[in-house]
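Undergrad: Attaching a single structure in structure tokens format; questions to follow.
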Amino acid sequence: MAKLTKDELRKHQQALDLLAKDKLSFDDKLFVLENWHEGAENLNSAAGAFFTPYYLARDFNLEIYEDDNHLIDLCAGIGALSLPHYTLCEYNYKESDITCIELNPNYIEVGKKILPKAKWVQMSALDLDELKKLGQFNQVISNPPFGKIKTAQYVDSENELKYKGSEFEFKIMEIGSKIADYGSFLVPQNSTPFKYSGAHYYEDLRTEDNGSRLSSKVKKFIKETNLHFQFGVGVDTSIYLDDWKGVKPLCEVVNFDYKEDI
């Protein structure tokens with residue numbers, strides 16, 4: 001568990017008090033997202049679980065097709081990444097169709113108050129066989145744990161996955177190709193083939209010196225999966241570095257058109 005300040009503990013308790021309500025207002029949800037501390041009762045650093053800041057999630061929502069209501073959120077946490085799309089559907093009087101995959105039951109309990117109409121499923125986002133039983137989705141989104149996270153191995157009975165490395169975010173990006181037509185992910189900048197966030201201008205490292213500036217792990221992922229990273233609308237995640245809890249990850253938003261890559 002993280003060591004919280006007195007102010008963080010006070011606000012965390014206020015968030016718990018709000019969660020005792022039958023139904024949360026939008027302002028209640030924002031307060032919970034900003035102040036329910038994932039490290040108060042869970043060793044989130046070991047699991048690499050750090051929830052997406054709301055305003056970054058709001059910008060990320062620009063990558064989600066407005067009319068796309070068949071959505072799956074892998075490693076959903078308490079629903080921060082999906083909330084802007086969920087809210088937009090409600091604002092436009094449209095039924096949202098969001099499936100949230102999360103392993104931690106504590107997160108799911110909170111998430112059901114944030115996204116009460118979403119379908120919450122407690123399972124590993126690495127369990128490909130079980131994910132495929134849920135059907136095919138239009139779009140997969142995720143802010144997955146970053147790096148080499150110790151976790152149970154995914155079920156890959158048909159040996160479908162081509163990526164053989166140990167980086168969690170790369171596993172999730174390839175798993176997305178098996179369950180959705182399109183994917184959008186928030187991942188570390190050094191796990192992408194470009195630099196945009198926090199930079200003076202966009203740099204596509206694949207076109208510079210024949211890709212010599214690509215990190216070895218990105219080269220491995222591209223070579224083994226033949227999946228093609230796509231740059232999105234241009235979300236500079238560095239604006240929100242101070243909004244994360246306990247970390248300051250410089251990230252990028254990456255997209256995949258899986259139908260095009262097949």
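Residue names in the structure tokens use chain letters A, B, ... in the order shown, residue numbers from 1 in each chain, and ligand numbers from 1 in the order shown.
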Leaving out range 246-251 of chain A and any residue of its chain fewer than 4 positions from it, which residues lie within 8 Å of it when counting only C-alpha atoms, given as a VMD selection string?
TA: chain A and resid 50 186 to 189 197 to 198 237 to 238 241 to 242
Undergrad: Counting only C-alpha atoms, what is within 10 Å of Ile64 in chain A, bar same-chain residues fewer than 2 positions away, as an mmCIF file with N, CA, C and O atoms, in the first residue's frame?
TA:
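Resulting contents of result-v1.cif:
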data_model
loop_
_atom_site.group_PDB
_atom_site.id
_atom_site.type_symbol
_atom_site.label_atom_id
_atom_site.label_comp_id
_atom_site.auth_asym_id
_atom_site.auth_seq_id
_atom_site.Cartn_x
_atom_site.Cartn_y
_atom_site.Cartn_z
ATOM 1 N N ASP A 59 -9.483 13.749 -23.332
ATOM 2 C CA ASP A 59 -8.798 13.946 -24.613
ATOM 3 C C ASP A 59 -8.693 12.624 -25.375
ATOM 4 O O ASP A 59 -8.849 12.591 -26.603
ATOM 5 N N PHE A 60 -8.415 11.560 -24.660
ATOM 6 C CA PHE A 60 -8.330 10.240 -25.281
ATOM 7 C C PHE A 60 -9.641 9.883 -25.981
ATOM 8 O O PHE A 60 -9.649 9.188 -27.000
ATOM 9 N N ASN A 61 -10.739 10.370 -25.449
ATOM 10 C CA ASN A 61 -12.057 10.072 -26.018
ATOM 11 C C ASN A 61 -12.177 10.546 -27.472
ATOM 12 O O ASN A 61 -13.023 10.047 -28.227
ATOM 13 N N LEU A 62 -11.340 11.487 -27.873
ATOM 14 C CA LEU A 62 -11.338 11.937 -29.270
ATOM 15 C C LEU A 62 -10.946 10.810 -30.222
ATOM 16 O O LEU A 62 -11.232 10.870 -31.423
ATOM 17 N N GLU A 66 -17.392 8.218 -32.387
ATOM 18 C CA GLU A 66 -18.568 8.742 -31.683
ATOM 19 C C GLU A 66 -19.736 7.787 -31.735
ATOM 20 O O GLU A 66 -20.494 7.639 -30.772
ATOM 21 N N ASP A 67 -19.920 7.113 -32.868
ATOM 22 C CA ASP A 67 -21.057 6.210 -33.006
ATOM 23 C C ASP A 67 -20.703 4.764 -32.637
ATOM 24 O O ASP A 67 -21.497 3.855 -32.846
ATOM 25 N N ASP A 68 -19.501 4.588 -32.081
ATOM 26 C CA ASP A 68 -19.052 3.243 -31.745
ATOM 27 C C ASP A 68 -19.530 2.885 -30.347
ATOM 28 O O ASP A 68 -18.953 3.305 -29.358
ATOM 29 N N ASN A 69 -20.595 2.095 -30.275
ATOM 30 C CA ASN A 69 -21.150 1.742 -28.980
ATOM 31 C C ASN A 69 -20.863 0.307 -28.576
ATOM 32 O O ASN A 69 -21.418 -0.176 -27.591
ATOM 33 N N LEU A 71 -17.890 -1.393 -27.377
ATOM 34 C CA LEU A 71 -16.542 -1.041 -26.949
ATOM 35 C C LEU A 71 -16.099 -1.963 -25.817
ATOM 36 O O LEU A 71 -16.904 -2.318 -24.949
ATOM 37 N N SER A 82 -13.056 5.034 -19.824
ATOM 38 C CA SER A 82 -14.330 4.906 -20.544
ATOM 39 C C SER A 82 -15.353 5.963 -20.169
ATOM 40 O O SER A 82 -16.335 6.161 -20.897
ATOM 41 N N PRO A 84 -15.600 9.320 -20.228
ATOM 42 C CA PRO A 84 -16.004 10.369 -21.174
ATOM 43 C C PRO A 84 -16.903 9.848 -22.293
ATOM 44 O O PRO A 84 -17.874 10.521 -22.675
ATOM 45 N N HIS A 85 -16.611 8.670 -22.827
ATOM 46 C CA HIS A 85 -17.461 8.110 -23.879
ATOM 47 C C HIS A 85 -18.829 7.737 -23.315
ATOM 48 O O HIS A 85 -19.870 7.986 -23.945
ATOM 49 N N GLN A 139 -14.299 -1.677 -31.164
ATOM 50 C CA GLN A 139 -13.077 -0.992 -30.746
ATOM 51 C C GLN A 139 -12.663 -1.458 -29.357
ATOM 52 O O GLN A 139 -13.499 -1.676 -28.482
ATOM 53 N N VAL A 140 -11.370 -1.615 -29.194
ATOM 54 C CA VAL A 140 -10.791 -1.915 -27.888
ATOM 55 C C VAL A 140 -9.983 -0.710 -27.443
ATOM 56 O O VAL A 140 -9.289 -0.081 -28.249
ATOM 57 N N ILE A 141 -10.105 -0.350 -26.172
ATOM 58 C CA ILE A 141 -9.306 0.731 -25.611
ATOM 59 C C ILE A 141 -8.622 0.213 -24.355
ATOM 60 O O ILE A 141 -9.098 -0.741 -23.720
ATOM 61 N N TYR A 182 -10.679 -2.379 -34.260
ATOM 62 C CA TYR A 182 -9.858 -1.183 -34.152
ATOM 63 C C TYR A 182 -9.412 -1.063 -32.697
ATOM 64 O O TYR A 182 -10.106 -1.494 -31.775
ATOM 65 N N GLY A 183 -8.234 -0.483 -32.463
ATOM 66 C CA GLY A 183 -7.725 -0.359 -31.104
ATOM 67 C C GLY A 183 -7.077 0.979 -30.841
ATOM 68 O O GLY A 183 -6.427 1.546 -31.722
ATOM 69 N N SER A 184 -7.269 1.497 -29.626
ATOM 70 C CA SER A 184 -6.627 2.739 -29.191
ATOM 71 C C SER A 184 -6.078 2.511 -27.786
ATOM 72 O O SER A 184 -6.798 2.033 -26.898
#
Undergrad: What's around range 164-177 of chain A at 7 Å? Count only C-alpha atoms, leave out sequence neighbours fewer than 4 positions away in its own chain, and write the answer as JSON, numbers by chain.
TA: {"A": [126, 128, 140, 144, 145, 146, 147, 148, 149, 181, 183, 187, 221, 258]}
Undergrad: Out of A:Ala20, A:Leu115, A:Leu103, A:Val110, which residue has the shortest atom-to-atom distance to Asp127 in chain A when counting only C-alpha atoms?
TA: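 Nearest to Asp127 in chain A: A:Leu103.
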Undergrad: Near range 21-23 of chain A, within 10 Å and counting only C-alpha atoms, which residues show up once chain neighbours fewer than 4 positions away are dropped, as a ChimeraX atom specification?
TA: /A:16-17,28-29,113-114,116
Undergrad: Could you give me the residues within range 63-257 of chain A that DSSP places in strand (DSSP E), as a ChimeraX atom specification?
TA: /A:71-74,98-102,119-122,137-142,180-188,194-195,203-204,230-231,251-257
Undergrad: For Lys94 in chain A, which of A:Lys117, A:Leu81, A:Asn106, A:Lys6 is the closest residue, counting only C-alpha atoms?
TA: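 Checking each of A:Lys117, A:Leu81, A:Asn106, A:Lys6 against Lys94 in chain A, counting only C-alpha atoms, the winner is A:Lys117.
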Undergrad: May I ask for the distance between CA of Ala180 in chain A and CA of Asn138 in chain A, given in Å to one decimal place?
TA: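 Taking CA of Ala180 in chain A and CA of Asn138 in chain A, their separation equals 5.3 Å.
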Undergrad: Give the helix (DSSP H, G or I) residues of range 13-250 of chain A, as DSSP finds them on the backbone, and put them as a count of residues only.
TA: 90
Undergrad: For Ala199 in chain A, which residue out of A:Lys223, A:Ala15, A:Val32, A:Asp236 is the nearest one, using only C-alpha atoms?
TA: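 The closest residue to Ala199 in chain A is A:Asp236.
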Undergrad: With only C-alpha atoms as the atoms that count, which of A:Glu90, A:Asp243, A:Glu252, A:Asp7 lies nearest to Phe26 in chain A?
TA: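 Closest to Phe26 in chain A, using only C-alpha atoms: A:Glu90.
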Undergrad: Got a sec: who's within 7 Å of Ala80 in chain A, counting only C-alpha atoms, leaving out chain neighbours fewer than 5 positions off, as a list in words?
TA: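 With the cut-off at 7 Å, the set is Leu33, Phe51, Thr52, Tyr54 and Ala57 of chain A.
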Undergrad: Go ahead and save the residues from that selection, with all heavy atoms, as a PDB file, in the first residue's frame.
TA:
ATOM      1  N   LEU A  33     -12.900   9.858  -8.934  1.00  0.00           N
ATOM      2  CA  LEU A  33     -11.781   9.594  -9.839  1.00  0.00           C
ATOM      3  C   LEU A  33     -10.521  10.333  -9.402  1.00  0.00           C
ATOM      4  O   LEU A  33      -9.408   9.815  -9.518  1.00  0.00           O
ATOM      5  CB  LEU A  33     -12.145   9.992 -11.271  1.00  0.00           C
ATOM      6  CG  LEU A  33     -13.162   9.116 -12.004  1.00  0.00           C
ATOM      7  CD1 LEU A  33     -13.462   9.693 -13.374  1.00  0.00           C
ATOM      8  CD2 LEU A  33     -12.650   7.686 -12.129  1.00  0.00           C
ATOM      9  N   PHE A  51      -4.401   4.807 -12.477  1.00  0.00           N
ATOM     10  CA  PHE A  51      -5.594   5.183 -13.229  1.00  0.00           C
ATOM     11  C   PHE A  51      -5.364   6.433 -14.071  1.00  0.00           C
ATOM     12  O   PHE A  51      -4.686   7.364 -13.662  1.00  0.00           O
ATOM     13  CB  PHE A  51      -6.761   5.414 -12.277  1.00  0.00           C
ATOM     14  CG  PHE A  51      -7.110   4.215 -11.444  1.00  0.00           C
ATOM     15  CD1 PHE A  51      -7.678   4.365 -10.187  1.00  0.00           C
ATOM     16  CD2 PHE A  51      -6.878   2.935 -11.910  1.00  0.00           C
ATOM     17  CE1 PHE A  51      -8.009   3.264  -9.415  1.00  0.00           C
ATOM     18  CE2 PHE A  51      -7.192   1.819 -11.153  1.00  0.00           C
ATOM     19  CZ  PHE A  51      -7.754   1.985  -9.900  1.00  0.00           C
ATOM     20  N   THR A  52      -6.003   6.454 -15.221  1.00  0.00           N
ATOM     21  CA  THR A  52      -5.885   7.574 -16.147  1.00  0.00           C
ATOM     22  C   THR A  52      -6.501   8.832 -15.548  1.00  0.00           C
ATOM     23  O   THR A  52      -7.660   8.814 -15.129  1.00  0.00           O
ATOM     24  CB  THR A  52      -6.618   7.262 -17.463  1.00  0.00           C
ATOM     25  OG1 THR A  52      -6.299   5.948 -17.897  1.00  0.00           O
ATOM     26  CG2 THR A  52      -6.245   8.283 -18.534  1.00  0.00           C
ATOM     27  N   TYR A  54      -8.632  12.103 -15.340  1.00  0.00           N
ATOM     28  CA  TYR A  54      -9.878  12.297 -16.071  1.00  0.00           C
ATOM     29  C   TYR A  54      -9.706  13.161 -17.319  1.00  0.00           C
ATOM     30  O   TYR A  54     -10.223  12.824 -18.390  1.00  0.00           O
ATOM     31  CB  TYR A  54     -10.965  12.909 -15.178  1.00  0.00           C
ATOM     32  CG  TYR A  54     -12.191  13.267 -15.988  1.00  0.00           C
ATOM     33  CD1 TYR A  54     -13.047  12.268 -16.439  1.00  0.00           C
ATOM     34  CD2 TYR A  54     -12.436  14.586 -16.378  1.00  0.00           C
ATOM     35  CE1 TYR A  54     -14.143  12.569 -17.240  1.00  0.00           C
ATOM     36  CE2 TYR A  54     -13.539  14.890 -17.172  1.00  0.00           C
ATOM     37  CZ  TYR A  54     -14.386  13.874 -17.598  1.00  0.00           C
ATOM     38  OH  TYR A  54     -15.451  14.179 -18.400  1.00  0.00           O
ATOM     39  N   ALA A  57      -8.190  11.329 -20.015  1.00  0.00           N
ATOM     40  CA  ALA A  57      -9.187  10.399 -20.564  1.00  0.00           C
ATOM     41  C   ALA A  57     -10.160  11.136 -21.478  1.00  0.00           C
ATOM     42  O   ALA A  57     -10.599  10.602 -22.504  1.00  0.00           O
ATOM     43  CB  ALA A  57      -9.935   9.712 -19.426  1.00  0.00           C
TER      44      ALA A  57
END
Undergrad: What does the distance from CA of Val218 in chain A to CA of Ala125 in chain A come to in Å, to one decimal?
TA: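 Those two atoms sit 20.9 Å apart.
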Undergrad: If we count only C-alpha atoms and set the cut-off at 10 Å, which residues sit around Gln14 in chain A, ignoring sequence neighbours fewer than 5 positions away in its own chain? Please answer as a list in words.
TA: Glu8, Leu9, Leu19, Phe31, Val32, Asn35 and Trp36 of chain A
Undergrad: I need the residues from that last selection saved to file as a short mmCIF file (atom, residue, chain, number, x, y, z; two decimals), in the first residue's frame (with N, CA and C atoms), if you can.
TA:
data_model
loop_
_atom_site.label_atom_id
_atom_site.label_comp_id
_atom_site.auth_asym_id
_atom_site.auth_seq_id
_atom_site.Cartn_x
_atom_site.Cartn_y
_atom_site.Cartn_z
N GLU A 8 -4.51 13.39 1.50
CA GLU A 8 -4.93 12.32 0.59
C GLU A 8 -5.85 11.33 1.30
N LEU A 9 -5.52 11.02 2.55
CA LEU A 9 -6.37 10.11 3.32
C LEU A 9 -7.75 10.71 3.58
N LEU A 19 -19.14 6.93 -2.37
CA LEU A 19 -19.40 5.62 -2.97
C LEU A 19 -20.47 4.84 -2.22
N PHE A 31 -15.05 13.55 -8.41
CA PHE A 31 -14.36 13.60 -7.11
C PHE A 31 -13.76 12.23 -6.79
N VAL A 32 -14.52 11.17 -7.05
CA VAL A 32 -14.02 9.83 -6.78
C VAL A 32 -12.81 9.53 -7.65
N ASN A 35 -9.85 11.44 -6.27
CA ASN A 35 -9.46 11.34 -4.87
C ASN A 35 -9.55 9.94 -4.26
N TRP A 36 -10.27 9.00 -4.91
CA TRP A 36 -10.22 7.62 -4.44
C TRP A 36 -8.84 7.10 -4.83
#
